[in-house]
$ cat final38.pdb   # PDB, C-alpha atoms
ATOM      1  CA  MET A   1       0.000   0.000   0.000  1.00  0.00           C
ATOM      2  CA  VAL A   2       1.419   3.393  -1.030  1.00  0.00           C
ATOM      3  CA  LEU A   3      -0.113   6.161   1.020  1.00  0.00           C
ATOM      4  CA  SER A   4      -1.076   9.552  -0.295  1.00  0.00           C
ATOM      5  CA  THR A   5      -2.800  12.604   1.080  1.00  0.00           C
ATOM      6  CA  GLU A   6      -5.919  11.407  -0.739  1.00  0.00           C
ATOM      7  CA  THR A   7      -6.069   7.982   0.968  1.00  0.00           C
ATOM      8  CA  VAL A   8      -5.622   9.053   4.602  1.00  0.00           C
ATOM      9  CA  SER A   9      -6.819  11.951   6.695  1.00  0.00           C
ATOM     10  CA  LYS A  10      -4.273  14.430   7.983  1.00  0.00           C
ATOM     11  CA  GLN A  11      -5.415  13.827  11.565  1.00  0.00           C
ATOM     12  CA  SER A  12      -4.570  10.115  11.397  1.00  0.00           C
ATOM     13  CA  LEU A  13      -0.946  10.631  10.345  1.00  0.00           C
ATOM     14  CA  PRO A  14       1.903  10.766  12.858  1.00  0.00           C
ATOM     15  CA  LYS A  15       3.234  14.274  13.390  1.00  0.00           C
ATOM     16  CA  HIS A  16       6.694  13.106  14.378  1.00  0.00           C
ATOM     17  CA  VAL A  17       8.465  10.005  13.041  1.00  0.00           C
ATOM     18  CA  ALA A  18      11.886   8.749  14.112  1.00  0.00           C
ATOM     19  CA  ILE A  19      13.935   6.068  12.368  1.00  0.00           C
ATOM     20  CA  ILE A  20      16.839   3.907  13.509  1.00  0.00           C
ATOM     21  CA  MET A  21      18.514   3.363  10.146  1.00  0.00           C
ATOM     22  CA  ASP A  22      19.961  -0.114  10.668  1.00  0.00           C
ATOM     23  CA  GLY A  23      21.288  -2.704   8.239  1.00  0.00           C
ATOM     24  CA  ASN A  24      23.634  -0.760   5.965  1.00  0.00           C
ATOM     25  CA  GLY A  25      26.620  -2.976   6.715  1.00  0.00           C
ATOM     26  CA  ARG A  26      24.731  -6.261   6.340  1.00  0.00           C
ATOM     27  CA  TRP A  27      23.175  -5.019   3.095  1.00  0.00           C
ATOM     28  CA  ALA A  28      26.642  -4.393   1.672  1.00  0.00           C
ATOM     29  CA  GLN A  29      28.135  -7.641   2.970  1.00  0.00           C
ATOM     30  CA  SER A  30      25.319  -9.652   1.365  1.00  0.00           C
ATOM     31  CA  ARG A  31      26.543  -8.203  -1.941  1.00  0.00           C
ATOM     32  CA  ASN A  32      30.209  -8.930  -1.174  1.00  0.00           C
ATOM     33  CA  ARG A  33      30.923  -5.246  -0.749  1.00  0.00           C
ATOM     34  CA  PRO A  34      32.560  -3.455   2.205  1.00  0.00           C
ATOM     35  CA  ARG A  35      30.261  -2.204   4.984  1.00  0.00           C
ATOM     36  CA  THR A  36      31.092   1.386   4.046  1.00  0.00           C
ATOM     37  CA  TYR A  37      29.381   0.853   0.670  1.00  0.00           C
ATOM     38  CA  GLY A  38      26.121   0.196   2.503  1.00  0.00           C
ATOM     39  CA  HIS A  39      26.372   3.491   4.362  1.00  0.00           C
ATOM     40  CA  LYS A  40      26.815   5.339   1.092  1.00  0.00           C
ATOM     41  CA  LYS A  41      23.767   3.625  -0.411  1.00  0.00           C
ATOM     42  CA  GLY A  42      21.836   4.470   2.735  1.00  0.00           C
ATOM     43  CA  VAL A  43      21.995   8.158   1.808  1.00  0.00           C
ATOM     44  CA  ASP A  44      19.569   7.426  -1.043  1.00  0.00           C
ATOM     45  CA  SER A  45      17.057   6.072   1.483  1.00  0.00           C
ATOM     46  CA  VAL A  46      17.465   9.233   3.549  1.00  0.00           C
ATOM     47  CA  ARG A  47      16.544  11.327   0.513  1.00  0.00           C
ATOM     48  CA  SER A  48      13.532   9.084  -0.135  1.00  0.00           C
ATOM     49  CA  ALA A  49      12.354   9.326   3.486  1.00  0.00           C
ATOM     50  CA  VAL A  50      12.633  13.120   3.483  1.00  0.00           C
ATOM     51  CA  GLN A  51      10.678  13.358   0.215  1.00  0.00           C
ATOM     52  CA  PHE A  52       8.004  10.974   1.531  1.00  0.00           C
ATOM     53  CA  CYS A  53       7.503  12.928   4.770  1.00  0.00           C
ATOM     54  CA  THR A  54       7.377  16.202   2.866  1.00  0.00           C
ATOM     55  CA  LYS A  55       4.750  14.813   0.497  1.00  0.00           C
ATOM     56  CA  LEU A  56       2.554  13.565   3.349  1.00  0.00           C
ATOM     57  CA  GLY A  57       2.952  16.738   5.392  1.00  0.00           C
ATOM     58  CA  ILE A  58       4.567  15.046   8.392  1.00  0.00           C
ATOM     59  CA  GLU A  59       5.916  17.730  10.718  1.00  0.00           C
ATOM     60  CA  SER A  60       9.147  16.159  11.995  1.00  0.00           C
ATOM     61  CA  LEU A  61      11.488  13.368  10.913  1.00  0.00           C
ATOM     62  CA  THR A  62      14.317  12.320  13.226  1.00  0.00           C
ATOM     63  CA  LEU A  63      17.057  10.042  11.890  1.00  0.00           C
ATOM     64  CA  PHE A  64      19.575   8.144  14.035  1.00  0.00           C
ATOM     65  CA  ALA A  65      22.730   8.716  11.997  1.00  0.00           C
ATOM     66  CA  PHE A  66      25.508   8.120  14.531  1.00  0.00           C
ATOM     67  CA  SER A  67      25.084   6.990  18.113  1.00  0.00           C
ATOM     68  CA  SER A  68      27.440   7.727  20.983  1.00  0.00           C
ATOM     69  CA  GLU A  69      28.265   3.991  20.922  1.00  0.00           C
ATOM     70  CA  ASN A  70      29.226   3.990  17.216  1.00  0.00           C
ATOM     71  CA  TRP A  71      32.726   5.228  18.062  1.00  0.00           C
ATOM     72  CA  ARG A  72      33.473   1.559  18.937  1.00  0.00           C
ATOM     73  CA  ARG A  73      33.110   0.516  15.299  1.00  0.00           C
ATOM     74  CA  PRO A  74      36.138  -0.122  13.017  1.00  0.00           C
ATOM     75  CA  GLU A  75      38.137   3.032  12.357  1.00  0.00           C
ATOM     76  CA  ASP A  76      37.598   2.962   8.582  1.00  0.00           C
ATOM     77  CA  GLU A  77      33.819   2.694   9.064  1.00  0.00           C
ATOM     78  CA  VAL A  78      33.743   5.615  11.511  1.00  0.00           C
ATOM     79  CA  SER A  79      35.887   7.628   9.099  1.00  0.00           C
ATOM     80  CA  THR A  80      33.464   6.895   6.237  1.00  0.00           C
ATOM     81  CA  LEU A  81      30.489   7.924   8.377  1.00  0.00           C
ATOM     82  CA  MET A  82      32.227  11.226   9.185  1.00  0.00           C
ATOM     83  CA  GLU A  83      32.960  11.780   5.487  1.00  0.00           C
ATOM     84  CA  LEU A  84      29.355  11.029   4.564  1.00  0.00           C
ATOM     85  CA  PHE A  85      28.099  13.393   7.209  1.00  0.00           C
ATOM     86  CA  PHE A  86      30.404  16.113   5.902  1.00  0.00           C
ATOM     87  CA  PHE A  87      29.248  15.404   2.324  1.00  0.00           C
ATOM     88  CA  VAL A  88      25.573  15.661   3.253  1.00  0.00           C
ATOM     89  CA  LEU A  89      26.132  18.902   5.133  1.00  0.00           C
ATOM     90  CA  THR A  90      28.044  20.308   2.155  1.00  0.00           C
ATOM     91  CA  LYS A  91      26.005  19.089  -0.835  1.00  0.00           C
ATOM     92  CA  GLU A  92      22.540  18.158   0.416  1.00  0.00           C
ATOM     93  CA  VAL A  93      21.781  21.123   2.679  1.00  0.00           C
ATOM     94  CA  LYS A  94      21.241  23.452  -0.264  1.00  0.00           C
ATOM     95  CA  LYS A  95      18.609  21.047  -1.629  1.00  0.00           C
ATOM     96  CA  LEU A  96      16.974  20.825   1.785  1.00  0.00           C
ATOM     97  CA  HIS A  97      16.917  24.599   2.015  1.00  0.00           C
ATOM     98  CA  LYS A  98      15.427  24.896  -1.464  1.00  0.00           C
ATOM     99  CA  ASN A  99      12.620  22.566  -0.340  1.00  0.00           C
ATOM    100  CA  ASN A 100      11.933  24.579   2.839  1.00  0.00           C
ATOM    101  CA  VAL A 101      13.319  21.851   5.155  1.00  0.00           C
ATOM    102  CA  LYS A 102      14.676  22.943   8.534  1.00  0.00           C
ATOM    103  CA  LEU A 103      17.727  20.863   9.491  1.00  0.00           C
ATOM    104  CA  THR A 104      18.790  20.384  13.105  1.00  0.00           C
ATOM    105  CA  VAL A 105      21.632  18.157  14.271  1.00  0.00           C
ATOM    106  CA  ILE A 106      20.958  16.836  17.782  1.00  0.00           C
ATOM    107  CA  GLY A 107      23.642  15.299  19.983  1.00  0.00           C
ATOM    108  CA  ASP A 108      27.046  16.161  21.394  1.00  0.00           C
ATOM    109  CA  ILE A 109      28.939  17.369  18.328  1.00  0.00           C
ATOM    110  CA  SER A 110      31.943  18.559  20.371  1.00  0.00           C
ATOM    111  CA  ARG A 111      33.779  15.299  19.596  1.00  0.00           C
ATOM    112  CA  PHE A 112      33.549  15.877  15.851  1.00  0.00           C
ATOM    113  CA  PRO A 113      36.336  17.575  13.862  1.00  0.00           C
ATOM    114  CA  GLU A 114      36.119  21.368  14.001  1.00  0.00           C
ATOM    115  CA  SER A 115      35.498  21.517  10.249  1.00  0.00           C
ATOM    116  CA  LEU A 116      32.426  19.297  10.690  1.00  0.00           C
ATOM    117  CA  GLN A 117      31.174  21.372  13.614  1.00  0.00           C
ATOM    118  CA  ASP A 118      31.433  24.459  11.404  1.00  0.00           C
ATOM    119  CA  ARG A 119      29.353  22.730   8.712  1.00  0.00           C
ATOM    120  CA  VAL A 120      26.695  21.850  11.278  1.00  0.00           C
ATOM    121  CA  LYS A 121      26.470  25.453  12.441  1.00  0.00           C
ATOM    122  CA  ALA A 122      26.296  26.718   8.840  1.00  0.00           C
ATOM    123  CA  ALA A 123      23.498  24.238   8.032  1.00  0.00           C
ATOM    124  CA  HIS A 124      21.542  25.373  11.076  1.00  0.00           C
ATOM    125  CA  GLU A 125      21.918  29.019  10.122  1.00  0.00           C
ATOM    126  CA  LEU A 126      20.953  28.448   6.487  1.00  0.00           C
ATOM    127  CA  THR A 127      17.738  26.550   7.246  1.00  0.00           C
ATOM    128  CA  THR A 128      16.717  28.077  10.583  1.00  0.00           C
ATOM    129  CA  ASN A 129      13.796  30.094   9.165  1.00  0.00           C
ATOM    130  CA  ASN A 130      12.393  27.324   6.964  1.00  0.00           C
ATOM    131  CA  THR A 131       8.815  26.346   7.753  1.00  0.00           C
ATOM    132  CA  GLY A 132       8.482  22.925   6.104  1.00  0.00           C
ATOM    133  CA  LEU A 133       9.597  19.529   7.373  1.00  0.00           C
ATOM    134  CA  LYS A 134      11.735  19.605  10.522  1.00  0.00           C
ATOM    135  CA  LEU A 135      14.573  17.172   9.818  1.00  0.00           C
ATOM    136  CA  ASN A 136      16.514  16.171  12.925  1.00  0.00           C
ATOM    137  CA  VAL A 137      19.725  14.217  12.461  1.00  0.00           C
ATOM    138  CA  ALA A 138      20.959  12.524  15.639  1.00  0.00           C
ATOM    139  CA  ALA A 139      24.761  12.459  15.582  1.00  0.00           C
ATOM    140  CA  ASN A 140      26.888  11.361  18.544  1.00  0.00           C
ATOM    141  CA  TYR A 141      23.532  11.115  20.261  1.00  0.00           C
ATOM    142  CA  GLY A 142      22.322   8.853  23.057  1.00  0.00           C
ATOM    143  CA  GLY A 143      19.030   8.906  24.914  1.00  0.00           C
ATOM    144  CA  ARG A 144      20.780   8.695  28.277  1.00  0.00           C
ATOM    145  CA  TRP A 145      23.069  11.579  27.292  1.00  0.00           C
ATOM    146  CA  ASP A 146      19.995  13.633  26.390  1.00  0.00           C
ATOM    147  CA  ILE A 147      18.409  13.072  29.810  1.00  0.00           C
ATOM    148  CA  VAL A 148      21.687  13.727  31.631  1.00  0.00           C
ATOM    149  CA  GLN A 149      22.325  17.006  29.813  1.00  0.00           C
ATOM    150  CA  ALA A 150      18.761  18.101  30.614  1.00  0.00           C
ATOM    151  CA  ALA A 151      19.286  17.243  34.295  1.00  0.00           C
ATOM    152  CA  GLN A 152      22.587  19.119  34.326  1.00  0.00           C
ATOM    153  CA  SER A 153      20.924  22.173  32.811  1.00  0.00           C
ATOM    154  CA  MET A 154      18.220  22.160  35.470  1.00  0.00           C
ATOM    155  CA  ALA A 155      20.764  21.579  38.265  1.00  0.00           C
ATOM    156  CA  GLN A 156      22.657  24.648  37.065  1.00  0.00           C
ATOM    157  CA  GLN A 157      19.443  26.678  37.104  1.00  0.00           C
ATOM    158  CA  VAL A 158      18.757  25.567  40.687  1.00  0.00           C
ATOM    159  CA  GLN A 159      22.308  26.498  41.649  1.00  0.00           C
ATOM    160  CA  ASP A 160      21.868  29.914  40.049  1.00  0.00           C
ATOM    161  CA  GLY A 161      18.617  30.476  41.916  1.00  0.00           C
ATOM    162  CA  GLN A 162      16.466  30.433  38.776  1.00  0.00           C
ATOM    163  CA  LEU A 163      14.589  27.294  39.876  1.00  0.00           C
ATOM    164  CA  THR A 164      13.797  25.450  43.080  1.00  0.00           C
ATOM    165  CA  VAL A 165      13.993  21.687  43.461  1.00  0.00           C
ATOM    166  CA  LYS A 166      10.182  21.541  43.513  1.00  0.00           C
ATOM    167  CA  ASP A 167      10.147  23.214  40.080  1.00  0.00           C
ATOM    168  CA  ILE A 168      11.730  20.084  38.588  1.00  0.00           C
ATOM    169  CA  THR A 169       8.852  18.164  37.023  1.00  0.00           C
ATOM    170  CA  GLU A 170       8.365  15.980  33.957  1.00  0.00           C
ATOM    171  CA  ASP A 171       7.177  19.036  32.072  1.00  0.00           C
ATOM    172  CA  THR A 172      10.072  21.318  33.013  1.00  0.00           C
ATOM    173  CA  LEU A 173      12.669  18.609  32.417  1.00  0.00           C
ATOM    174  CA  SER A 174      11.202  17.705  29.029  1.00  0.00           C
ATOM    175  CA  LYS A 175      11.689  21.316  27.957  1.00  0.00           C
ATOM    176  CA  GLN A 176      15.448  20.876  28.357  1.00  0.00           C
ATOM    177  CA  LEU A 177      15.616  17.839  26.060  1.00  0.00           C
ATOM    178  CA  SER A 178      16.508  17.770  22.386  1.00  0.00           C
ATOM    179  CA  MET A 179      13.569  18.717  20.122  1.00  0.00           C
ATOM    180  CA  ALA A 180      11.571  20.150  23.041  1.00  0.00           C
ATOM    181  CA  ASP A 181      10.094  22.698  20.625  1.00  0.00           C
ATOM    182  CA  GLN A 182       8.655  20.013  18.323  1.00  0.00           C
ATOM    183  CA  SER A 183       5.679  17.659  18.399  1.00  0.00           C
ATOM    184  CA  GLU A 184       5.977  14.630  20.651  1.00  0.00           C
ATOM    185  CA  LEU A 185       7.271  11.480  19.017  1.00  0.00           C
ATOM    186  CA  ASP A 186       4.437   9.397  17.562  1.00  0.00           C
ATOM    187  CA  LEU A 187       6.179   6.611  15.648  1.00  0.00           C
ATOM    188  CA  LEU A 188       9.605   5.032  16.084  1.00  0.00           C
ATOM    189  CA  ILE A 189      10.743   2.778  13.226  1.00  0.00           C
ATOM    190  CA  ARG A 190      13.736   0.462  13.276  1.00  0.00           C
ATOM    191  CA  THR A 191      14.919  -1.222  10.091  1.00  0.00           C
ATOM    192  CA  GLY A 192      17.218  -4.222   9.900  1.00  0.00           C
ATOM    193  CA  GLY A 193      15.345  -6.805  11.970  1.00  0.00           C
ATOM    194  CA  ASP A 194      16.463  -6.014  15.528  1.00  0.00           C
ATOM    195  CA  CYS A 195      13.718  -5.277  18.077  1.00  0.00           C
ATOM    196  CA  ARG A 196      15.317  -2.745  20.408  1.00  0.00           C
ATOM    197  CA  ILE A 197      15.673   1.035  20.482  1.00  0.00           C
ATOM    198  CA  SER A 198      19.406   1.121  21.301  1.00  0.00           C
ATOM    199  CA  ASN A 199      19.515   4.173  23.566  1.00  0.00           C
ATOM    200  CA  PHE A 200      17.613   6.328  21.066  1.00  0.00           C
ATOM    201  CA  LEU A 201      15.091   8.948  22.236  1.00  0.00           C
ATOM    202  CA  LEU A 202      14.481   7.136  25.531  1.00  0.00           C
ATOM    203  CA  TRP A 203      12.388   9.905  27.067  1.00  0.00           C
ATOM    204  CA  GLN A 204      10.654  10.962  23.863  1.00  0.00           C
ATOM    205  CA  ALA A 205       9.628   7.395  22.991  1.00  0.00           C
ATOM    206  CA  ALA A 206       7.611   6.875  26.195  1.00  0.00           C
ATOM    207  CA  TYR A 207       4.272   6.753  24.338  1.00  0.00           C
ATOM    208  CA  ALA A 208       5.482   6.320  20.772  1.00  0.00           C
ATOM    209  CA  GLU A 209       4.295   3.420  18.655  1.00  0.00           C
ATOM    210  CA  LEU A 210       7.189   1.082  17.833  1.00  0.00           C
ATOM    211  CA  TYR A 211       7.537  -0.511  14.401  1.00  0.00           C
ATOM    212  CA  PHE A 212      10.235  -3.061  13.602  1.00  0.00           C
ATOM    213  CA  THR A 213      10.905  -4.321  10.094  1.00  0.00           C
ATOM    214  CA  ASP A 214      13.372  -6.834   8.633  1.00  0.00           C
ATOM    215  CA  THR A 215      13.936  -4.495   5.686  1.00  0.00           C
ATOM    216  CA  LEU A 216      17.527  -3.265   5.647  1.00  0.00           C
ATOM    217  CA  TRP A 217      17.904   0.511   5.502  1.00  0.00           C
ATOM    218  CA  PRO A 218      19.176   0.777   1.873  1.00  0.00           C
ATOM    219  CA  ASP A 219      16.007  -1.094   0.810  1.00  0.00           C
ATOM    220  CA  PHE A 220      13.657   1.058   2.909  1.00  0.00           C
ATOM    221  CA  ASN A 221      11.814   2.789   0.080  1.00  0.00           C
ATOM    222  CA  GLU A 222       8.491   4.623  -0.143  1.00  0.00           C
ATOM    223  CA  LYS A 223       6.544   1.356  -0.164  1.00  0.00           C
ATOM    224  CA  ALA A 224       8.240   0.170   3.035  1.00  0.00           C
ATOM    225  CA  PHE A 225       7.669   3.563   4.684  1.00  0.00           C
ATOM    226  CA  SER A 226       4.019   3.470   3.604  1.00  0.00           C
ATOM    227  CA  GLU A 227       3.588   0.090   5.298  1.00  0.00           C
ATOM    228  CA  ALA A 228       4.979   1.516   8.545  1.00  0.00           C
ATOM    229  CA  ILE A 229       2.594   4.486   8.407  1.00  0.00           C
ATOM    230  CA  ALA A 230      -0.339   2.212   7.559  1.00  0.00           C
ATOM    231  CA  CYS A 231       0.464   0.054  10.589  1.00  0.00           C
ATOM    232  CA  PHE A 232       0.579   3.172  12.783  1.00  0.00           C
ATOM    233  CA  ILE A 233      -2.811   4.359  11.516  1.00  0.00           C
ATOM    234  CA  SER A 234      -4.352   0.948  12.247  1.00  0.00           C
ATOM    235  CA  ARG A 235      -3.357   1.006  15.919  1.00  0.00           C
ATOM    236  CA  GLU A 236      -5.494   2.370  18.742  1.00  0.00           C
ATOM    237  CA  ARG A 237      -3.411   4.771  20.834  1.00  0.00           C
ATOM    238  CA  ARG A 238      -4.807   4.851  24.372  1.00  0.00           C
ATOM    239  CA  PHE A 239      -2.189   6.751  26.441  1.00  0.00           C
ATOM    240  CA  GLY A 240      -3.271   4.907  29.589  1.00  0.00           C
ATOM    241  CA  CYS A 241      -7.009   5.135  28.853  1.00  0.00           C
ATOM    242  CA  THR A 242      -9.304   2.269  27.914  1.00  0.00           C
ATOM    243  CA  GLY A 243     -10.413   1.724  24.351  1.00  0.00           C
ATOM    244  CA  GLU A 244     -13.943   2.766  25.247  1.00  0.00           C
ATOM    245  CA  GLN A 245     -12.718   6.050  26.729  1.00  0.00           C
ATOM    246  CA  ILE A 246     -10.801   6.819  23.553  1.00  0.00           C
ATOM    247  CA  LYS A 247     -13.853   6.096  21.396  1.00  0.00           C
ATOM    248  CA  GLN A 248     -15.963   8.380  23.587  1.00  0.00           C
ATOM    249  CA  LEU A 249     -13.416  11.181  23.301  1.00  0.00           C
ATOM    250  CA  LEU A 250     -13.325  10.780  19.516  1.00  0.00           C
ATOM    251  CA  ALA A 251     -17.130  10.867  19.340  1.00  0.00           C
ATOM    252  CA  GLU A 252     -17.225  14.021  21.482  1.00  0.00           C
ATOM    253  CA  SER A 253     -14.594  15.729  19.329  1.00  0.00           C
ATOM    254  CA  LYS A 254     -16.615  15.000  16.197  1.00  0.00           C
ATOM    255  CA  THR A 255     -19.727  16.440  17.833  1.00  0.00           C
ATOM    256  CA  THR A 256     -18.020  19.695  18.807  1.00  0.00           C
ATOM    257  CA  SER A 257     -16.102  20.123  15.549  1.00  0.00           C
TER     258      SER A 257
END

$ encode --input "final38.pdb" --output "structure tokens"
Amino acid sequence: MVLSTETVSKQSLPKHVAIIMDGNGRWAQSRNRPRTYGHKKGVDSVRSAVQFCTKLGIESLTLFAFSSENWRRPEDEVSTLMELFFFVLTKEVKKLHKNNVKLTVIGDISRFPESLQDRVKAAHELTTNNTGLKLNVAANYGGRWDIVQAAQSMAQQVQDGQLTVKDITEDTLSKQLSMADQSELDLLIRTGGDCRISNFLLWQAAYAELYFTDTLWPDFNEKAFSEAIACFISRERRFGCTGEQIKQLLAESKTTS
């Protein structure tokens, strides 16, 4: 099933989708190519995912490009990932800007080469006023790191007298996390067959729908993305309520609209 704006209502679509882009290395190895070849092919799937979200009017797309644990990988693979990241920030950002996409890199970029940090800042500045799809690229990111840096920020505010300990709530802490200014995460997709979230968006994924697929990332095309969205639409999201309560709320909203 290939979704379009004609086949689904806007209200039923997720506002914020995140993807763990897994399987690049295995995809390449199955073709007797080096793992780095799979990462390069994976860029095509990134372009496809961005185009798909733009077409459907999804507000935010967050991609797990490089985790804080990925530094443990072979040196040549890490080097290729850095080169790819630099390439995307050099060549692709202009296309993103032309299509009104706002790019944000989330994570601790201080470990990256200074030249790459400069590219990140330039990409942010170029696209900061764009009003279309919000594309978040998680680089040297970890969900635990995100929560820790939020806690540190709030601790500093308490120390400076800007907050009291009682002011620390779920709401105030969530405002210190990455992407606090965007819609809550609705759908988390992982390609490649593994059924875990690998320290990705731990806080943000609290009520997200999880979708795992055996499809390797370089093969994750519009059809595969459509199937993930269709699965999301078919689920009943209760947020702690019963199914009957949700149906009643939906009926009331239709009456008042």

$ residues_around --input "final38.pdb" --residues "region 163-176 of chain A" --least-positions-apart "5" --cutoff "8 Å" --atoms "only C-alpha atoms" --output "list in words"
Ala150, Ala151, Ser153, Met154, Gln157, Val158 and Asp181 of chain A

$ residues_around --input "final38.pdb" --residues "region 130-140 of chain A" --least-positions-apart "2" --cutoff "6 Å" --atoms "only C-alpha atoms" --output "VMD selection string"
chain A and resid 59 to 68 100 to 108 127 to 128

$ closest_residue --input "final38.pdb" --among "A:Glu209, A:Asn129, A:Leu81, A:Glu92" --to "Ser234 (chain A)" --atoms "all atoms listed in the file"
A:Glu209

$ closest_residue --input "final38.pdb" --among "A:Phe86, A:Asn70, A:Glu236, A:Ser115" --to "Ser198 (chain A)" --atoms "all atoms listed in the file"
A:Asn70

$ atom_distance --input "final38.pdb" --atom1 "CA of Lys94 (chain A)" --atom2 "CA of Pro113 (chain A)"
21.5 Å

$ residues_near_point --input "final38.pdb" --point "(-1.5, 5.2, 10.3)" --cutoff "10 Å" --atoms "only C-alpha atoms" --output "list in words"
Leu3, Val8, Ser9, Lys10, Gln11, Ser12, Leu13, Pro14, Leu187, Ser226, Glu227, Ala228, Ile229, Ala230, Cys231, Phe232, Ile233, Ser234, Arg235 and Glu236 of chain A

$ closest_residue --input "final38.pdb" --among "A:Arg33, A:His39, A:His97, A:Arg26" --to "Gly193 (chain A)" --atoms "all atoms listed in the file"
A:Arg26

$ residues_near_point --input "final38.pdb" --point "(6.9, 15.4, 15.0)" --cutoff "6 Å" --atoms "only C-alpha atoms" --output "CSV table (one decimal) with C-alpha atoms, in the coordinates of the input"
chain,number,residue,atom,x,y,z
A,15,LYS,CA,3.2,14.3,13.4
A,16,HIS,CA,6.7,13.1,14.4
A,17,VAL,CA,8.5,10.0,13.0
A,59,GLU,CA,5.9,17.7,10.7
A,60,SER,CA,9.1,16.2,12.0
A,182,GLN,CA,8.7,20.0,18.3
A,183,SER,CA,5.7,17.7,18.4
A,184,GLU,CA,6.0,14.6,20.7
A,185,LEU,CA,7.3,11.5,19.0

$ closest_residue --input "final38.pdb" --among "A:Cys195, A:Lys223, A:Leu216, A:Ala155" --to "Gln29 (chain A)" --atoms "only C-alpha atoms"
A:Leu216

$ residues_around --input "final38.pdb" --residues "Leu116 (chain A)" --least-positions-apart "6" --cutoff "12 Å" --atoms "all atoms listed in the file" --output "list in words"
Leu81, Met82, Glu83, Leu84, Phe85, Phe86, Phe87, Val88, Leu89, Thr90, Val105, Ile109, Ser110, Ala122, Ala123 and Ala139 of chain A

$ build_atoms --input "final38.pdb" --residues "region 62-79 of chain A" --atoms "N, CA and C atoms" --output "PDB file, in the frame of the given file"
ATOM      1  N   THR A  62      13.058  12.397  12.493  1.00  0.00           N
ATOM      2  CA  THR A  62      14.317  12.320  13.226  1.00  0.00           C
ATOM      3  C   THR A  62      15.046  11.042  12.846  1.00  0.00           C
ATOM      4  N   LEU A  63      16.277  11.179  12.379  1.00  0.00           N
ATOM      5  CA  LEU A  63      17.057  10.042  11.890  1.00  0.00           C
ATOM      6  C   LEU A  63      18.266   9.794  12.794  1.00  0.00           C
ATOM      7  N   PHE A  64      18.440   8.525  13.194  1.00  0.00           N
ATOM      8  CA  PHE A  64      19.575   8.144  14.035  1.00  0.00           C
ATOM      9  C   PHE A  64      20.755   7.856  13.118  1.00  0.00           C
ATOM     10  N   ALA A  65      21.628   8.838  12.944  1.00  0.00           N
ATOM     11  CA  ALA A  65      22.730   8.716  11.997  1.00  0.00           C
ATOM     12  C   ALA A  65      23.988   8.136  12.633  1.00  0.00           C
ATOM     13  N   PHE A  66      24.257   8.538  13.881  1.00  0.00           N
ATOM     14  CA  PHE A  66      25.508   8.120  14.531  1.00  0.00           C
ATOM     15  C   PHE A  66      25.293   8.187  16.028  1.00  0.00           C
ATOM     16  N   SER A  67      25.328   7.024  16.672  1.00  0.00           N
ATOM     17  CA  SER A  67      25.084   6.990  18.113  1.00  0.00           C
ATOM     18  C   SER A  67      26.382   7.236  18.877  1.00  0.00           C
ATOM     19  N   SER A  68      26.256   7.528  20.156  1.00  0.00           N
ATOM     20  CA  SER A  68      27.440   7.727  20.983  1.00  0.00           C
ATOM     21  C   SER A  68      28.229   6.427  21.141  1.00  0.00           C
ATOM     22  N   GLU A  69      27.582   5.281  20.849  1.00  0.00           N
ATOM     23  CA  GLU A  69      28.265   3.991  20.922  1.00  0.00           C
ATOM     24  C   GLU A  69      28.973   3.625  19.615  1.00  0.00           C
ATOM     25  N   ASN A  70      28.656   4.336  18.527  1.00  0.00           N
ATOM     26  CA  ASN A  70      29.226   3.990  17.216  1.00  0.00           C
ATOM     27  C   ASN A  70      30.725   4.254  17.113  1.00  0.00           C
ATOM     28  N   TRP A  71      31.287   4.996  18.083  1.00  0.00           N
ATOM     29  CA  TRP A  71      32.726   5.228  18.062  1.00  0.00           C
ATOM     30  C   TRP A  71      33.489   3.908  18.226  1.00  0.00           C
ATOM     31  N   ARG A  72      32.822   2.862  18.725  1.00  0.00           N
ATOM     32  CA  ARG A  72      33.473   1.559  18.937  1.00  0.00           C
ATOM     33  C   ARG A  72      33.656   0.781  17.630  1.00  0.00           C
ATOM     34  N   ARG A  73      33.038   1.239  16.572  1.00  0.00           N
ATOM     35  CA  ARG A  73      33.110   0.516  15.299  1.00  0.00           C
ATOM     36  C   ARG A  73      34.517   0.640  14.686  1.00  0.00           C
ATOM     37  N   PRO A  74      34.819  -0.201  13.662  1.00  0.00           N
ATOM     38  CA  PRO A  74      36.138  -0.122  13.017  1.00  0.00           C
ATOM     39  C   PRO A  74      36.451   1.301  12.546  1.00  0.00           C
ATOM     40  N   GLU A  75      37.722   1.665  12.651  1.00  0.00           N
ATOM     41  CA  GLU A  75      38.137   3.032  12.357  1.00  0.00           C
ATOM     42  C   GLU A  75      37.760   3.482  10.951  1.00  0.00           C
ATOM     43  N   ASP A  76      37.908   2.570   9.957  1.00  0.00           N
ATOM     44  CA  ASP A  76      37.598   2.962   8.582  1.00  0.00           C
ATOM     45  C   ASP A  76      36.102   3.225   8.404  1.00  0.00           C
ATOM     46  N   GLU A  77      35.260   2.488   9.160  1.00  0.00           N
ATOM     47  CA  GLU A  77      33.819   2.694   9.064  1.00  0.00           C
ATOM     48  C   GLU A  77      33.424   4.028   9.699  1.00  0.00           C
ATOM     49  N   VAL A  78      34.016   4.331  10.859  1.00  0.00           N
ATOM     50  CA  VAL A  78      33.743   5.615  11.511  1.00  0.00           C
ATOM     51  C   VAL A  78      34.191   6.760  10.615  1.00  0.00           C
ATOM     52  N   SER A  79      35.367   6.600   9.996  1.00  0.00           N
ATOM     53  CA  SER A  79      35.887   7.628   9.099  1.00  0.00           C
ATOM     54  C   SER A  79      34.942   7.863   7.923  1.00  0.00           C
TER      55      SER A  79
END
